[in-house]
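Here the structure comes first, spelled out in structure tokens, and everything after it is commentary.
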Amino acid sequence: MNPHTGTKPGTRPKDEAPTLDRTTFGHRLRAARKRFGWTLAQLAERSGVSITTISRAERGQLALGYENFTALGRALEMDMNAMFAGAGVKPAQLDGPVVTRAGKGVVYRGLSIAYEFLGTTAAGKQMSPIVGTVHARRIHGPEDFVRHGGEEFAYVLSGEIEVHFENGEVVHLARGDSLYFDSRIGHAYVSVSRQLAKIVGMTTAESGHMRSAREAPASGPVEKASSRPRPGSKPAAATKKATRGRGA
């Protein structure tokens with residue numbers, strides 16, 4: 001028994017948030033892949049995450065960023081709750097209010113943010129609320145920008161942050177400020193205050209309207225009246241360039 005904390009060796013104080021360490025997350029990731037009978041290469045192909053990244057994450061050697069663990073979750077048909085629920089807790093359908101007491105969310109330290117996931121016992125919820133501590137201090141390169149379907153909201157609880165977008169825009173937020181944006185645009189959070197900033201964040205899945213707009217076929221070119229094909233000739237195939245949409 002520890003005389004200072006009142007706990008047995010190897011146990012957490014009752015007021016300490018449960019933490020999902022890299023090794024535990026790696027075991028969950030590997031078990032989910034094995035349930036499908038997939039190789040690392042097959043999961044990489046389905047998720048868009050590299051084989052090396054998946055392998056290192058499964059072995060507990062790498063903390064994943066938000067973009068990667070959401071991509072893996074979609075490929076493995078695991079929602080955020082199943083991935084980040086506390087040990088021994090199985091998420092259930094949302095059939096009543098779900099309370100997360102102060103400091104009792106499940107903490108996972110990602111590449112630039114330490115996430116405290118809230119409401120993890122509710123399976124299939126449409127929003128993913130978190131309390132995040134932003135520990136990134138600068139942008140190292142294009143690989144720091146995160147992109148994922150849906151929309152995102154951030155509210156600064158303490159400290160100050162900058163939200164960098166891949167189009168060069170930078171938004172400075174201080175305590176009490178908030179930001180809402182299309183999370184398909186590459187973005188990255190950085191703490192710029194002396195202390196690490198803390199935020200409340202919310203992400204949503206891609207809405208049906210957004211998905212329909214993204215997947216709708218582009219309208220073909222309108223044929224001019226003067227461009228009639230000669231008798232017996234085949235109409236020329238219309239060509240179009242595939243472009244990747246970027247938010248301004």
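Labels for the structure tokens follow display order: chains A, B, ..., residues from 1 in each chain, ligands from 1.
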**Request:** Pick out the residues sitting within 6 Å of range 164-173 of chain A, and hand them over as number ranges by chain; count only C-alpha atoms, and ignore anything fewer than 5 positions along from it in its own chain.
**Result:** A: 186-188
For the residues in the current selection, export C-alpha atoms as an mmCIF file, in the first residue's frame.
```
data_model
loop_
_atom_site.group_PDB
_atom_site.id
_atom_site.type_symbol
_atom_site.label_atom_id
_atom_site.label_comp_id
_atom_site.auth_asym_id
_atom_site.auth_seq_id
_atom_site.Cartn_x
_atom_site.Cartn_y
_atom_site.Cartn_z
ATOM 1 C CA GLY A 186 -6.092 19.572 -44.048
ATOM 2 C CA HIS A 187 -5.687 21.112 -40.580
ATOM 3 C CA ALA A 188 -3.299 21.037 -37.628
#
```
**Request:** Determine which residues of range 50-165 of chain A DSSP labels as alpha helix (DSSP H) from the backbone of this structure, then write them out as an MDAnalysis selection string.
**Result:** chainID A and resid 51:58 66:75 80:84
Residues within 12 Å of range 42-44 of chain A, please, as a CSV table (one decimal) with C-alpha atoms, in the first residue's frame. Count only C-alpha atoms; anything in the same chain fewer than 6 positions from it doesn't count.
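Output file part-v1.csv follows:
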```csv
chain,number,residue,atom,x,y,z
A,29,LEU,CA,-6.2,-3.1,-33.5
A,30,ARG,CA,-4.5,-6.4,-34.2
A,32,ALA,CA,-9.9,-6.5,-35.0
A,33,ARG,CA,-7.8,-7.2,-38.1
A,34,LYS,CA,-7.5,-10.9,-37.3
A,35,ARG,CA,-11.3,-11.2,-36.9
A,36,PHE,CA,-11.5,-10.3,-40.6
A,50,SER,CA,0.7,2.4,-44.7
A,51,ILE,CA,1.7,-1.2,-43.8
A,52,THR,CA,4.6,0.2,-41.7
A,53,THR,CA,2.3,2.5,-39.7
A,54,ILE,CA,-0.2,-0.3,-39.0
A,55,SER,CA,2.5,-2.7,-38.0
A,68,ASN,CA,-5.1,7.3,-39.2
A,71,ALA,CA,-9.4,5.5,-41.2
A,72,LEU,CA,-8.5,2.2,-39.6
A,73,GLY,CA,-11.7,2.3,-37.5
A,74,ARG,CA,-13.8,2.7,-40.7
A,75,ALA,CA,-12.0,-0.1,-42.5
A,76,LEU,CA,-12.4,-2.5,-39.5
A,77,GLU,CA,-16.0,-1.4,-38.9
```
**Asked** Out of A:Thr121, A:Ser47, A:Ser191, A:Thr23, which residue has the shortest atom-to-atom distance to Ala136 in chain A when counting only C-alpha atoms?
**Response**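 When distances to Ala136 in chain A are compared using only C-alpha atoms, the smallest one comes from A:Ser191.
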Taking the DSSP assignment computed from this structure's backbone, write out as a short mmCIF file (atom, residue, chain, number, x, y, z; two decimals) with N, CA, C and O atoms, in the first residue's frame all residues of range 43-199 of chain A that belong to strand (DSSP E or B).
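So result-v4.cif came out as:
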```
data_model
loop_
_atom_site.label_atom_id
_atom_site.label_comp_id
_atom_site.auth_asym_id
_atom_site.auth_seq_id
_atom_site.Cartn_x
_atom_site.Cartn_y
_atom_site.Cartn_z
N ALA A 92 -22.55 0.13 -25.51
CA ALA A 92 -23.93 -0.31 -25.76
C ALA A 92 -24.65 0.75 -26.57
O ALA A 92 -24.20 1.90 -26.65
N GLN A 93 -25.77 0.36 -27.19
CA GLN A 93 -26.54 1.30 -27.99
C GLN A 93 -27.02 2.46 -27.12
O GLN A 93 -27.28 2.30 -25.92
N VAL A 106 -11.61 8.44 -21.48
CA VAL A 106 -10.47 7.56 -21.78
C VAL A 106 -9.42 8.37 -22.54
O VAL A 106 -9.71 8.95 -23.58
N VAL A 107 -8.20 8.42 -21.99
CA VAL A 107 -7.14 9.26 -22.55
C VAL A 107 -6.24 8.45 -23.49
O VAL A 107 -5.81 7.35 -23.15
N TYR A 108 -5.99 9.03 -24.66
CA TYR A 108 -5.04 8.45 -25.61
C TYR A 108 -4.16 9.58 -26.13
O TYR A 108 -4.67 10.59 -26.63
N ARG A 109 -2.86 9.41 -25.99
CA ARG A 109 -1.94 10.46 -26.44
C ARG A 109 -1.60 10.24 -27.91
O ARG A 109 -0.87 9.31 -28.26
N ILE A 113 -1.98 15.77 -30.11
CA ILE A 113 -2.99 16.07 -29.10
C ILE A 113 -3.16 14.86 -28.19
O ILE A 113 -3.19 13.72 -28.67
N ALA A 114 -3.29 15.09 -26.88
CA ALA A 114 -3.69 14.04 -25.96
C ALA A 114 -5.20 14.10 -25.87
O ALA A 114 -5.76 15.09 -25.39
N TYR A 115 -5.87 13.07 -26.36
CA TYR A 115 -7.32 13.05 -26.44
C TYR A 115 -7.92 12.40 -25.19
O TYR A 115 -7.53 11.31 -24.81
N GLU A 116 -8.90 13.06 -24.59
CA GLU A 116 -9.72 12.40 -23.58
C GLU A 116 -11.09 12.18 -24.22
O GLU A 116 -11.88 13.11 -24.40
N PHE A 117 -11.36 10.94 -24.60
CA PHE A 117 -12.61 10.62 -25.29
C PHE A 117 -13.75 10.54 -24.28
O PHE A 117 -13.63 9.90 -23.23
N ALA A 122 -21.29 4.71 -25.36
CA ALA A 122 -22.42 4.78 -26.28
C ALA A 122 -21.97 4.37 -27.68
O ALA A 122 -21.18 5.06 -28.31
N ALA A 123 -22.47 3.25 -28.16
CA ALA A 123 -22.07 2.75 -29.47
C ALA A 123 -22.85 3.45 -30.58
O ALA A 123 -24.04 3.74 -30.43
N MET A 127 -21.64 11.82 -33.03
CA MET A 127 -20.60 12.79 -32.73
C MET A 127 -19.51 12.13 -31.89
O MET A 127 -19.78 11.17 -31.16
N SER A 128 -18.30 12.63 -31.99
CA SER A 128 -17.18 12.13 -31.19
C SER A 128 -16.62 13.28 -30.36
O SER A 128 -15.76 14.03 -30.82
N PRO A 129 -17.12 13.46 -29.13
CA PRO A 129 -16.64 14.57 -28.29
C PRO A 129 -15.35 14.21 -27.57
O PRO A 129 -15.18 13.07 -27.11
N ILE A 130 -14.47 15.18 -27.46
CA ILE A 130 -13.20 14.97 -26.74
C ILE A 130 -12.82 16.23 -25.98
O ILE A 130 -13.25 17.34 -26.30
N VAL A 131 -12.01 16.04 -24.94
CA VAL A 131 -11.27 17.13 -24.34
C VAL A 131 -9.82 16.89 -24.76
O VAL A 131 -9.29 15.79 -24.54
N GLY A 132 -9.23 17.86 -25.40
CA GLY A 132 -7.89 17.66 -25.93
C GLY A 132 -6.87 18.61 -25.32
O GLY A 132 -7.16 19.79 -25.11
N THR A 133 -5.69 18.08 -25.01
CA THR A 133 -4.56 18.91 -24.61
C THR A 133 -3.60 18.95 -25.78
O THR A 133 -3.06 17.91 -26.20
N VAL A 134 -3.42 20.13 -26.36
CA VAL A 134 -2.61 20.28 -27.58
C VAL A 134 -1.14 20.38 -27.17
O VAL A 134 -0.72 21.38 -26.58
N VAL A 146 -4.10 16.99 -40.86
CA VAL A 146 -5.07 15.90 -40.74
C VAL A 146 -6.28 16.19 -41.62
O VAL A 146 -6.73 17.33 -41.72
N GLU A 151 -17.42 17.23 -40.23
CA GLU A 151 -17.17 18.59 -39.78
C GLU A 151 -16.56 18.57 -38.38
O GLU A 151 -16.63 17.56 -37.68
N GLU A 152 -15.95 19.70 -37.99
CA GLU A 152 -15.22 19.72 -36.73
C GLU A 152 -15.47 21.04 -36.00
O GLU A 152 -15.62 22.09 -36.61
N PHE A 153 -15.52 20.93 -34.67
CA PHE A 153 -15.73 22.09 -33.81
C PHE A 153 -14.68 22.07 -32.71
O PHE A 153 -14.36 21.01 -32.17
N ALA A 154 -14.14 23.23 -32.38
CA ALA A 154 -13.17 23.33 -31.29
C ALA A 154 -13.46 24.58 -30.47
O ALA A 154 -13.69 25.66 -31.03
N TYR A 155 -13.43 24.42 -29.15
CA TYR A 155 -13.64 25.52 -28.21
C TYR A 155 -12.47 25.52 -27.23
O TYR A 155 -12.16 24.48 -26.64
N VAL A 156 -11.82 26.67 -27.06
CA VAL A 156 -10.63 26.75 -26.21
C VAL A 156 -11.03 26.95 -24.75
O VAL A 156 -11.64 27.96 -24.39
N LEU A 157 -10.66 25.98 -23.92
CA LEU A 157 -10.92 26.07 -22.48
C LEU A 157 -9.86 26.89 -21.76
O LEU A 157 -10.16 27.65 -20.85
N SER A 158 -8.60 26.69 -22.16
CA SER A 158 -7.50 27.43 -21.53
C SER A 158 -6.33 27.50 -22.50
O SER A 158 -6.19 26.67 -23.39
N ILE A 161 -4.28 28.65 -29.00
CA ILE A 161 -3.86 27.76 -30.07
C ILE A 161 -3.87 28.49 -31.40
O ILE A 161 -4.48 29.55 -31.55
N GLU A 162 -3.17 27.91 -32.36
CA GLU A 162 -3.32 28.28 -33.76
C GLU A 162 -3.79 27.04 -34.50
O GLU A 162 -3.29 25.93 -34.26
N VAL A 163 -4.76 27.24 -35.38
CA VAL A 163 -5.21 26.16 -36.25
C VAL A 163 -4.72 26.49 -37.65
O VAL A 163 -5.11 27.51 -38.23
N HIS A 164 -3.81 25.66 -38.15
CA HIS A 164 -3.23 25.87 -39.47
C HIS A 164 -3.98 25.04 -40.49
O HIS A 164 -4.27 23.86 -40.25
N PHE A 165 -4.29 25.65 -41.63
CA PHE A 165 -4.94 24.94 -42.72
C PHE A 165 -3.97 24.80 -43.89
O PHE A 165 -3.09 25.63 -44.07
N VAL A 170 -4.26 30.63 -41.25
CA VAL A 170 -3.98 30.33 -39.85
C VAL A 170 -4.98 31.10 -38.99
O VAL A 170 -5.14 32.31 -39.15
N VAL A 171 -5.65 30.40 -38.09
CA VAL A 171 -6.63 31.03 -37.20
C VAL A 171 -6.12 30.95 -35.77
O VAL A 171 -5.79 29.87 -35.27
N HIS A 172 -6.02 32.11 -35.12
CA HIS A 172 -5.56 32.18 -33.73
C HIS A 172 -6.78 32.18 -32.82
O HIS A 172 -7.73 32.94 -33.01
N LEU A 173 -6.77 31.32 -31.80
CA LEU A 173 -7.88 31.21 -30.86
C LEU A 173 -7.37 31.31 -29.44
O LEU A 173 -6.40 30.64 -29.06
N SER A 178 -13.94 29.93 -30.39
CA SER A 178 -14.30 28.63 -30.99
C SER A 178 -14.18 28.69 -32.50
O SER A 178 -14.11 29.78 -33.09
N LEU A 179 -14.16 27.53 -33.11
CA LEU A 179 -13.98 27.41 -34.55
C LEU A 179 -14.77 26.22 -35.06
O LEU A 179 -14.82 25.17 -34.41
N TYR A 180 -15.42 26.39 -36.21
CA TYR A 180 -16.18 25.31 -36.84
C TYR A 180 -15.76 25.26 -38.30
O TYR A 180 -15.69 26.29 -38.96
N PHE A 181 -15.45 24.06 -38.82
CA PHE A 181 -14.95 23.99 -40.20
C PHE A 181 -15.17 22.61 -40.81
O PHE A 181 -15.49 21.64 -40.11
N ASP A 182 -15.00 22.56 -42.11
CA ASP A 182 -15.08 21.33 -42.89
C ASP A 182 -13.77 20.56 -42.67
O ASP A 182 -12.71 21.00 -43.09
N HIS A 187 -5.79 20.18 -41.70
CA HIS A 187 -5.69 21.11 -40.58
C HIS A 187 -4.77 20.55 -39.50
O HIS A 187 -4.56 19.34 -39.39
N ALA A 188 -4.21 21.44 -38.69
CA ALA A 188 -3.30 21.04 -37.63
C ALA A 188 -3.40 22.04 -36.49
O ALA A 188 -3.49 23.25 -36.71
N TYR A 189 -3.39 21.52 -35.26
CA TYR A 189 -3.47 22.34 -34.06
C TYR A 189 -2.09 22.52 -33.43
O TYR A 189 -1.30 21.57 -33.37
N VAL A 190 -1.82 23.74 -32.94
CA VAL A 190 -0.54 24.04 -32.29
C VAL A 190 -0.82 24.91 -31.06
O VAL A 190 -1.57 25.88 -31.13
N SER A 191 -0.21 24.57 -29.91
CA SER A 191 -0.29 25.43 -28.73
C SER A 191 0.70 26.57 -28.88
O SER A 191 1.87 26.35 -29.22
N ALA A 197 -2.35 24.32 -24.35
CA ALA A 197 -3.76 24.69 -24.44
C ALA A 197 -4.65 23.46 -24.29
O ALA A 197 -4.29 22.35 -24.67
N LYS A 198 -5.83 23.70 -23.72
CA LYS A 198 -6.83 22.64 -23.58
C LYS A 198 -8.08 23.06 -24.33
O LYS A 198 -8.53 24.21 -24.23
N ILE A 199 -8.64 22.14 -25.10
CA ILE A 199 -9.81 22.44 -25.92
C ILE A 199 -10.90 21.39 -25.71
O ILE A 199 -10.63 20.27 -25.28
#
```
**Message:** One decimal, in Å: what's the spacing between CA of Ser112 in chain A and CA of Val192 in chain A?
**Reply:**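 Calculated distance between CA of Ser112 in chain A and CA of Val192 in chain A is 13.1 Å.
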**Item:** Separation of CA of Phe25 in chain A from CA of Thr70 in chain A, in Å and rounded to one decimal
**Value:**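 Value for the CA of Phe25 in chain A-CA of Thr70 in chain A distance: 13.1 Å.
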**Prompt:** So how far away is CA of Thr100 in chain A from CA of Leu64 in chain A, in Å?
**Reply:**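 Rounded to one decimal, the two atoms are 23.9 Å apart.
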**Request:** May I ask which of the residues A:Glu45, A:Ala174, A:Gly201, A:Met78 is the closest one to Arg28 in chain A, counting only C-alpha atoms?
**Result:**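 Smallest distance to Arg28 in chain A is found for A:Met78.
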